[in-house]
>>> print(open('input_7.txt').read())   # compact mmCIF, C-alpha atoms
# COMPACT_ATOMS: atom_id res chain seq x y z
CA MET Q 11 22.25 165.72 -4.28
CA ALA Q 12 21.28 167.70 -7.39
CA SER Q 13 18.25 165.47 -7.99
CA VAL Q 14 17.12 166.00 -4.38
CA ASP Q 15 17.36 169.76 -4.76
CA SER Q 16 15.41 169.64 -8.03
CA THR Q 17 12.68 167.49 -6.49
CA THR Q 18 12.47 169.79 -3.47
CA GLY Q 19 12.23 172.84 -5.71
CA ASP Q 20 9.51 171.22 -7.85
CA SER Q 21 7.49 170.18 -4.80
CA ILE Q 22 7.64 173.69 -3.32
CA SER Q 23 6.62 175.32 -6.57
CA THR Q 24 3.45 173.22 -6.57
CA LEU Q 25 2.27 174.99 -3.42
CA HIS Q 26 0.25 178.16 -3.79
CA PRO Q 27 2.44 181.23 -3.10
CA ASP Q 28 -0.06 182.54 -0.55
CA ILE Q 29 0.32 179.34 1.48
CA ILE Q 30 4.12 179.62 1.44
CA GLN Q 31 4.11 183.29 2.39
CA THR Q 32 1.37 183.05 5.01
CA HIS Q 33 2.13 179.75 6.73
CA ILE Q 34 5.84 179.16 6.14
CA LEU Q 35 7.85 182.32 5.44
CA THR Q 36 6.15 184.32 8.19
CA ARG Q 37 7.59 181.86 10.75
CA LEU Q 38 11.17 182.50 9.65
CA ASP Q 39 13.55 185.03 11.15
CA ALA Q 40 15.75 187.25 8.96
CA PRO Q 41 18.75 184.88 8.56
CA ALA Q 42 16.48 181.94 7.73
CA LEU Q 43 14.49 184.06 5.27
CA ALA Q 44 17.68 185.18 3.53
CA SER Q 45 18.88 181.56 3.34
CA ALA Q 46 15.56 180.44 1.88
CA ALA Q 47 15.80 183.16 -0.76
CA SER Q 48 19.11 181.75 -1.97
CA THR Q 49 17.78 178.23 -2.62
CA SER Q 50 15.78 178.95 -5.78
CA THR Q 51 14.53 181.73 -8.01
CA TYR Q 52 10.95 180.92 -7.05
CA LEU Q 53 11.63 181.29 -3.32
CA GLN Q 54 13.76 184.35 -3.91
CA THR Q 55 10.77 186.08 -5.45
CA LEU Q 56 8.57 185.13 -2.51
CA CYS Q 57 11.16 185.96 0.17
CA THR Q 58 11.68 189.51 -1.09
CA GLU Q 59 8.06 190.39 -0.40
CA GLN Q 60 8.10 193.73 1.44
CA LYS Q 61 5.48 192.75 4.00
CA LEU Q 62 7.73 189.95 5.29
CA TRP Q 63 10.70 192.26 5.81
CA GLN Q 64 8.49 195.00 7.19
CA LYS Q 65 7.14 192.61 9.82
CA ILE Q 66 10.64 191.44 10.78
CA SER Q 67 12.05 194.98 10.87
CA THR Q 68 9.17 196.39 12.92
CA ALA Q 69 9.39 193.50 15.38
CA THR Q 70 13.13 194.14 15.76
CA TRP Q 71 12.85 197.94 16.04
CA PRO Q 72 9.31 199.02 17.06
CA SER Q 73 10.20 202.70 16.67
CA ILE Q 74 10.39 202.46 12.87
CA ASP Q 75 6.61 202.06 12.67
CA ASP Q 76 6.50 205.82 12.29
CA PRO Q 77 5.25 207.69 9.19
CA ARG Q 78 8.57 209.49 8.74
CA ILE Q 79 10.54 206.24 8.83
CA VAL Q 80 8.04 204.37 6.66
CA LYS Q 81 8.31 207.12 4.03
CA ALA Q 82 12.12 207.08 4.16
CA ILE Q 83 12.34 203.26 3.89
CA SER Q 84 9.98 203.25 0.90
CA SER Q 85 12.70 205.06 -1.09
CA PHE Q 86 15.44 202.49 -0.24
CA PRO Q 87 16.56 200.34 -3.21
CA SER Q 88 14.86 197.18 -1.89
CA GLY Q 89 12.69 198.77 0.75
CA TYR Q 90 12.64 197.04 4.13
CA SER Q 91 15.11 194.32 3.11
CA SER Q 92 17.69 197.05 2.31
CA PHE Q 93 16.91 198.79 5.58
CA TYR Q 94 17.37 195.56 7.55
CA ALA Q 95 20.62 194.76 5.75
CA ASP Q 96 21.90 198.22 6.70
CA SER Q 97 20.67 198.35 10.30
CA HIS Q 98 21.08 194.83 11.68
CA PRO Q 99 24.86 194.36 11.26
CA PHE Q 100 27.46 196.39 13.11
CA THR Q 101 28.95 199.19 11.04
CA GLU Q 102 32.67 199.43 10.41
CA HIS Q 103 34.19 202.01 12.75
CA THR Q 104 35.89 204.24 10.17
CA TRP Q 105 35.43 207.66 8.63
CA GLN Q 106 37.31 209.94 6.25
CA PRO Q 107 38.00 213.33 7.87
CA GLU Q 108 39.76 214.57 4.76
CA LYS Q 109 36.64 214.11 2.66
CA GLN Q 110 35.46 217.49 1.38
CA ASP Q 111 31.82 216.58 0.73
CA PRO Q 112 29.32 218.69 2.69
CA PRO Q 113 28.07 216.93 5.83
CA THR Q 114 24.88 214.93 5.67
CA THR Q 115 21.80 216.80 6.90
CA GLY Q 116 18.19 215.79 7.47
CA LEU Q 117 19.09 212.67 9.48
CA ILE Q 118 16.42 210.89 11.51
CA SER Q 119 17.02 208.99 14.77
CA ALA Q 120 15.00 205.91 15.74
CA VAL Q 121 15.64 204.75 19.31
CA ASP Q 122 14.51 201.60 21.13
CA LEU Q 123 15.59 200.97 24.73
CA TYR Q 124 15.14 197.60 26.45
CA TYR Q 125 15.49 196.42 30.02
CA ARG Q 126 15.79 192.64 30.41
CA GLY Q 127 14.21 192.17 27.00
CA GLU Q 128 11.24 194.46 27.70
CA LEU Q 129 10.80 197.62 25.63
CA ILE Q 130 10.74 200.60 28.00
CA TYR Q 131 11.28 203.52 25.63
CA SER Q 132 10.82 204.09 21.90
CA LYS Q 133 10.98 207.33 19.92
CA VAL Q 134 11.70 208.84 16.49
CA GLN Q 135 13.17 212.31 16.11
CA ASP Q 136 14.56 214.53 13.36
CA MET Q 137 18.04 215.51 14.48
CA GLU Q 138 17.92 219.12 13.34
CA LYS Q 139 14.27 220.15 13.18
CA GLU Q 140 13.48 219.10 16.75
CA SER Q 141 16.76 220.39 18.22
CA GLY Q 142 15.35 223.93 18.24
CA LYS Q 143 18.36 225.24 16.32
CA SER Q 144 18.78 226.68 12.85
CA SER Q 145 20.84 224.70 10.36
CA GLY Q 146 23.85 227.02 10.69
CA TRP Q 147 23.73 226.99 14.48
CA PHE Q 148 23.31 223.21 14.55
CA LEU Q 149 26.44 222.71 12.42
CA SER Q 150 28.63 225.12 14.40
CA SER Q 151 27.54 224.31 17.98
CA PRO Q 152 28.53 221.25 20.05
CA PHE Q 153 26.69 218.20 18.73
CA ARG Q 154 24.09 216.72 21.03
CA VAL Q 155 20.78 215.01 20.32
CA ASP Q 156 18.39 214.70 23.29
CA MET Q 157 15.54 212.24 22.80
CA VAL Q 158 13.96 212.89 26.20
CA ASP Q 159 12.84 216.42 26.98
CA PRO Q 160 14.71 217.87 30.00
CA LYS Q 161 11.39 218.52 31.75
CA GLU Q 162 10.10 214.95 31.40
CA THR Q 163 11.05 211.50 32.67
CA VAL Q 164 10.19 208.06 31.38
CA LYS Q 165 8.41 205.92 33.96
CA THR Q 166 9.62 202.34 34.18
CA ARG Q 167 9.17 199.28 36.37
CA ILE Q 168 12.87 199.25 37.20
CA ARG Q 169 13.60 199.35 40.90
CA TYR Q 170 16.79 199.89 42.82
CA PRO Q 171 16.47 197.35 45.66
CA GLY Q 172 18.84 199.13 48.00
CA GLY Q 173 22.02 197.80 49.50
CA ASP Q 174 25.13 197.39 47.37
CA TYR Q 175 24.96 200.20 44.79
CA GLU Q 176 27.88 198.90 42.70
CA VAL Q 177 26.21 195.49 42.27
CA TRP Q 178 23.06 197.19 41.03
CA VAL Q 179 25.08 199.34 38.61
CA LYS Q 180 26.63 196.19 37.13
CA ASP Q 181 23.20 194.60 36.81
CA MET Q 182 21.85 197.68 35.02
CA GLU Q 183 24.81 197.66 32.65
CA GLU Q 184 24.17 194.02 31.74
CA SER Q 185 20.35 194.33 31.58
CA MET Q 186 20.05 197.36 29.30
CA ARG Q 187 20.07 197.15 25.51
CA LEU Q 188 19.85 200.10 23.14
CA ASP Q 189 19.28 200.36 19.39
CA TRP Q 190 19.96 203.82 17.93
CA ILE Q 191 19.37 203.77 14.18
CA VAL Q 192 20.32 206.80 12.11
CA ILE Q 193 18.45 207.08 8.80
CA ASP Q 194 19.55 209.23 5.87
CA PRO Q 195 16.46 209.71 3.64
CA ILE Q 196 18.49 211.53 0.98
CA LYS Q 197 21.23 208.94 0.46
CA LYS Q 198 18.86 206.06 1.33
CA ARG Q 199 21.09 204.50 3.99
CA ALA Q 200 20.68 203.53 7.63
CA ALA Q 201 23.04 202.38 10.40
CA ASN Q 202 22.65 201.20 13.97
CA ILE Q 203 25.37 203.27 15.68
CA SER Q 204 24.81 201.81 19.16
CA SER Q 205 27.01 199.10 20.67
CA ARG Q 206 23.70 197.35 21.54
CA LYS Q 207 25.07 196.25 24.92
CA ALA Q 208 26.47 198.84 27.32
CA VAL Q 209 30.24 199.28 27.38
CA THR Q 210 30.28 200.91 30.81
CA ALA Q 211 28.12 202.57 33.47
CA ARG Q 212 29.01 205.41 35.80
CA ARG Q 213 27.42 207.75 38.26
CA ASN Q 214 27.05 211.40 37.37
CA TRP Q 215 28.04 213.02 40.64
CA LEU Q 216 26.56 216.35 39.60
CA SER Q 217 23.01 215.12 38.91
CA GLY Q 218 23.23 211.88 40.90
CA ASP Q 219 21.90 209.87 37.92
CA LEU Q 220 23.37 206.61 36.71
CA GLU Q 221 24.68 206.99 33.14
CA ILE Q 222 24.81 203.85 30.97
CA ILE Q 223 27.06 204.24 27.92
CA PHE Q 224 26.57 202.57 24.54
CA SER Q 225 29.64 203.54 22.56
CA THR Q 226 30.97 203.13 19.04
CA VAL Q 227 34.57 204.15 18.39
CA ALA Q 228 35.22 205.66 14.95
CA ALA Q 229 38.81 205.72 13.71
CA ALA Q 230 40.68 207.31 10.80
CA ASP Q 231 44.24 207.49 9.48
CA GLU Q 232 44.98 203.95 10.70
CA GLY Q 233 43.86 204.77 14.23
CA LYS Q 234 45.78 208.06 14.55
CA LYS Q 235 42.51 209.96 14.83
CA VAL Q 236 39.67 208.57 16.93
CA ALA Q 237 36.31 209.77 18.16
CA GLU Q 238 33.62 208.26 20.34
CA VAL Q 239 30.00 208.19 19.19
CA ALA Q 240 28.27 207.72 22.53
CA ALA Q 241 24.62 207.08 23.24
CA VAL Q 242 24.03 207.82 26.93
CA VAL Q 243 21.03 206.60 28.93
CA SER Q 244 20.52 208.41 32.24
CA CYS Q 245 18.58 206.70 35.02
CA GLY Q 246 17.57 208.14 38.37
CA SER Q 247 14.82 208.32 40.93
CA ALA Q 248 11.95 210.79 40.92
CA GLU Q 249 14.15 212.78 43.28
CA THR Q 250 17.90 213.00 42.79
CA TRP Q 251 19.96 210.05 43.96
CA LYS Q 252 21.67 212.34 46.43
CA GLU Q 253 18.41 212.57 48.37
CA VAL Q 254 17.56 208.86 48.28
CA ASP Q 255 18.59 206.53 51.05
CA GLU Q 256 20.63 203.94 49.14
CA GLU Q 257 19.89 201.34 51.78
CA VAL Q 258 16.14 201.66 51.15
CA GLY Q 259 16.16 201.98 47.34
CA GLY Q 260 13.27 203.11 45.20
CA GLU Q 261 11.70 203.32 41.74
CA VAL Q 262 13.97 204.23 38.84
CA ASP Q 263 13.02 206.44 35.86
CA VAL Q 264 14.82 207.11 32.60
CA THR Q 265 15.72 210.79 32.82
CA GLY Q 266 17.62 211.16 29.57
CA VAL Q 267 18.64 209.50 26.31
CA ARG Q 268 21.20 211.47 24.32
CA LEU Q 269 23.73 211.14 21.52
CA GLN Q 270 27.06 212.96 21.51
CA VAL Q 271 30.40 212.73 19.72
CA GLU Q 272 33.66 213.36 21.58
CA ASP Q 273 37.29 213.44 20.54
CA ILE Q 274 40.12 211.81 22.47
CA GLU Q 275 40.46 214.94 24.62
CA GLY Q 276 36.88 214.52 25.83
CA LYS Q 277 35.66 217.59 23.95
CA CYS Q 278 32.27 217.49 22.24
CA LEU Q 279 32.69 217.90 18.49
CA ARG Q 280 30.74 220.46 16.51
CA GLY Q 281 27.67 219.47 14.57
CA ARG Q 282 29.50 219.66 11.25
CA ASP Q 283 32.34 217.36 12.36
CA SER Q 284 29.93 214.97 14.07
CA LEU Q 285 27.75 214.65 10.97
CA VAL Q 286 30.84 213.81 8.90
CA ILE Q 287 31.57 210.94 11.30
CA LEU Q 288 27.96 209.73 11.19
CA GLN Q 289 28.10 209.92 7.41
CA GLY Q 290 31.16 207.66 7.46
CA LEU Q 291 29.36 205.15 9.70
CA LEU Q 292 26.35 205.17 7.39
CA ALA Q 293 28.55 204.40 4.38
CA GLY Q 294 30.92 202.03 6.20
CA LYS Q 295 31.26 198.28 5.82
CA ARG Q 296 28.94 196.03 7.79
CA ARG Q 297 29.87 193.16 10.09
CA CYS Q 298 27.36 190.48 11.05
CA CYS Q 299 26.85 189.71 14.73
CA LYS Q 300 27.64 186.06 15.48
CA ASP Q 301 27.25 184.74 19.04
CA GLY Q 302 27.83 188.21 20.48
CA GLY Q 303 31.24 188.49 18.80
CA GLU Q 304 30.70 192.00 17.48
CA GLU Q 305 29.29 193.19 20.80
CA ARG Q 306 32.46 191.96 22.51
CA ARG Q 307 34.47 193.65 19.78
CA CYS Q 308 32.72 196.96 20.51
CA SER Q 309 33.52 196.55 24.20
CA GLY Q 310 37.15 195.75 23.39
CA ARG Q 311 37.51 198.77 21.11
CA TYR Q 312 36.03 200.97 23.83
CA GLU Q 313 38.58 199.67 26.35
CA GLU Q 314 41.34 200.41 23.83
CA TYR Q 315 39.91 203.89 23.37
CA VAL Q 316 39.86 204.51 27.13
CA GLY Q 317 43.48 203.36 27.24
CA MET Q 318 44.38 205.80 24.46
CA LYS Q 319 42.65 208.62 26.34
CA THR Q 320 44.62 207.74 29.48
CA GLN Q 321 47.90 207.72 27.54
CA TRP Q 322 47.05 211.03 25.89
CA ARG Q 323 46.16 212.60 29.27
CA GLU Q 324 49.40 211.33 30.86
CA LYS Q 325 51.41 212.64 27.91
CA ARG Q 326 49.77 216.05 28.22
CA GLU Q 327 50.43 216.13 31.97
CA ARG Q 328 54.11 215.29 31.38
CA SER Q 329 54.31 218.03 28.76
CA GLU Q 330 52.69 220.55 31.12
CA ARG Q 331 55.07 219.57 33.93
CA ALA Q 332 58.03 219.99 31.59
CA GLN Q 333 56.79 223.42 30.55
CA ASP Q 334 56.31 224.41 34.19
CA THR Q 335 59.86 223.28 34.99
CA ILE Q 336 61.27 225.26 32.07
CA CYS Q 337 59.34 228.34 33.15
CA MET Q 338 60.60 227.98 36.72
CA ILE Q 339 64.20 227.61 35.56
CA PHE Q 340 63.84 230.57 33.23
CA GLY Q 341 62.28 232.68 35.97
CA PHE Q 342 64.96 231.74 38.48
CA SER Q 343 67.73 232.43 35.96
CA LEU Q 344 66.22 235.82 35.17
CA PHE Q 345 65.98 236.58 38.90
CA VAL Q 346 69.67 235.67 39.46
CA LEU Q 347 70.74 237.67 36.42
CA LEU Q 348 68.80 240.71 37.58
CA TRP Q 349 70.33 240.67 41.09
CA SER Q 350 73.77 240.01 39.68
CA PHE Q 351 73.43 243.06 37.49
CA ILE Q 352 72.26 245.18 40.45
CA LEU Q 353 75.03 243.99 42.84
CA LEU Q 354 77.86 244.33 40.29
CA ARG Q 355 77.03 247.87 39.21
>>> encode(input="input_7.txt", output="structure tokens")
Amino acid sequence: MASVDSTTGDSISTLHPDIIQTHILTRLDAPALASAASTSTYLQTLCTEQKLWQKISTATWPSIDDPRIVKAISSFPSGYSSFYADSHPFTEHTWQPEKQDPPTTGLISAVDLYYRGELIYSKVQDMEKESGKSSGWFLSSPFRVDMVDPKETVKTRIRYPGGDYEVWVKDMEESMRLDWIVIDPIKKRAANISSRKAVTARRNWLSGDLEIIFSTVAAADEGKKVAEVAAVVSCGSAETWKEVDEEVGGEVDVTGVRLQVEDIEGKCLRGRDSLVILQGLLAGKRRCCKDGGEERRCSGRYEEYVGMKTQWREKRERSERAQDTICMIFGFSLFVLLWSFILLR
């Protein structure tokens, strides 16, 4: 076997590097390119060429072909190969709330939204600069990043055919895919914080839009503290769904793409606390996606999180009922004591 490997390596080294890079390596995807790099020192040198990884990364996430992202990636230890190694795997869902380091600032979001494999929305945005808030206000106010301006909608070729609304909701949930990459230019790290596939879809009864949720659950203290990093895609008609005849159907637009962080009580965390969680996801361990295993794991963790929220809500309701009972007993006892005092005088 060793002689075969040596012969193969010698035969490859006789080819001109331009031929290998232009006609062979450009046909490989990222896993194959990484495997080829591990076969020999010669191929490792050729496979680490930045143009190869730039092409793969840009094809995977079209939004990163933006001057701000290109500049940030150029400072990564190994450029685009480091960026791909950070962004392609799923990040470990942990953070350290006790960590006293100041929260990461200057983060950049790169978003790519797909419907049935077709790119329908792509955008890059600085989290703080384009939020319209000062740094102090951004850190102290509820954290929310809106990629789509409230006054605009994203036209698509998606159509609600009419008829069974719930069947269409399920189809939308299965057909949508979202990549939300957070880039830290200062610490030279990146992470895809989206679950890629939707974990659930629900109707917003206030706006009438369909909200498709891509959620990552971050945990700390062995699961005692949890938070949900949720990317929400809102879809609706040109008019509100309330005014559309669901039997007729109509064209569907993307009306919003936002990122928010909520605790188990359903409260939106402040910017400072949310950035600490994002910082933990950026620095967390990575897990490779194999046959959709990590996507199913994200869905399973979300179901566990929903179960924890339900248990917490039931526990709070029991506590409130107990407090109400105690107050009623105390009030009744006080009432009896007062009348006893009056009648026995």
>>> closest_atom_pairs(input="input_7.txt", of="segment 117-184 of chain Q", to="segment 192-210 of chain Q", cutoff="8 Å", atoms="all atoms listed in the file", output="Markdown table")
| residue | atom | partner | partner_atom | distance |
| --- | --- | --- | --- | --- |
| Q:Leu117 | CA | Q:Asp194 | CA | 5.0 |
| Q:Ile118 | CA | Q:Ile193 | CA | 5.1 |
| Q:Ser119 | CA | Q:Val192 | CA | 4.8 |
| Q:Ala120 | CA | Q:Val192 | CA | 6.5 |
| Q:Glu183 | CA | Q:Ala208 | CA | 5.7 |
| Q:Glu184 | CA | Q:Ala208 | CA | 6.9 |
>>> axis_aligned_box(input="input_7.txt", around="segment 49-53 of chain Q", padding_each_side="5 Å", output="AutoDock Vina command-line options")
--center_x 14.4 --center_y 180.0 --center_z -5.3 --size_x 16.8 --size_y 13.5 --size_z 15.4
>>> residues_around(input="input_7.txt", residues="Asp263 of chain Q", least_positions_apart="4", cutoff="10 Å", atoms="only C-alpha atoms", output="JSON, numbers by chain")
{"Q": [163, 164, 165, 166, 167, 168, 169, 219, 244, 245, 246, 247, 248, 249]}
>>> closest_residue(input="input_7.txt", among="Q:Ser67, Q:Ser73, Q:Gln333, Q:Thr24", to="Tyr52 of chain Q", atoms="all atoms listed in the file")
Q:Thr24
>>> closest_residue(input="input_7.txt", among="Q:Gly290, Q:Gly127, Q:Gly310, Q:Pro171", to="Val262 of chain Q", atoms="only C-alpha atoms")
Q:Pro171
>>> atom_distance(input="input_7.txt", atom1="atom CA of Ile29 of chain Q", atom2="atom CA of Leu56 of chain Q")
10.8 Å
>>> residues_near_point(input="input_7.txt", point="(28.3, 210.6, 17.9)", cutoff="6 Å", atoms="only C-alpha atoms", output="PyMOL selection string")
chain Q and resi 239-240+269-271
>>> closest_residue(input="input_7.txt", among="Q:Gln54, Q:Thr265, Q:Ser225, Q:Ser350", to="Tyr312 of chain Q", atoms="only C-alpha atoms")
Q:Ser225
>>> atom_distance(input="input_7.txt", atom1="atom CA of Ile66 of chain Q", atom2="atom CA of Thr101 of chain Q")
19.9 Å
>>> atom_distance(input="input_7.txt", atom1="atom CA of Ser217 of chain Q", atom2="atom CA of Gly266 of chain Q")
11.5 Å
>>> closest_residue(input="input_7.txt", among="Q:Cys308, Q:Cys57, Q:Val227, Q:Leu188", to="Leu291 of chain Q", atoms="only C-alpha atoms")
Q:Val227
>>> residues_around(input="input_7.txt", residues="segment 293-297 of chain Q", least_positions_apart="3", cutoff="7 Å", atoms="all atoms listed in the file", output="mmCIF file with C-alpha atoms, keeping the file's coordinate frame")
data_model
loop_
_atom_site.group_PDB
_atom_site.id
_atom_site.type_symbol
_atom_site.label_atom_id
_atom_site.label_comp_id
_atom_site.auth_asym_id
_atom_site.auth_seq_id
_atom_site.Cartn_x
_atom_site.Cartn_y
_atom_site.Cartn_z
ATOM 1 C CA PRO Q 99 24.860 194.360 11.260
ATOM 2 C CA PHE Q 100 27.460 196.390 13.110
ATOM 3 C CA THR Q 101 28.950 199.190 11.040
ATOM 4 C CA GLU Q 102 32.670 199.430 10.410
ATOM 5 C CA THR Q 104 35.890 204.240 10.170
ATOM 6 C CA GLN Q 289 28.100 209.920 7.410
ATOM 7 C CA GLY Q 290 31.160 207.660 7.460
#
>>> closest_residue(input="input_7.txt", among="Q:Cys278, Q:Leu62, Q:Ile130, Q:Ala228", to="Ser151 of chain Q", atoms="all atoms listed in the file")
Q:Cys278
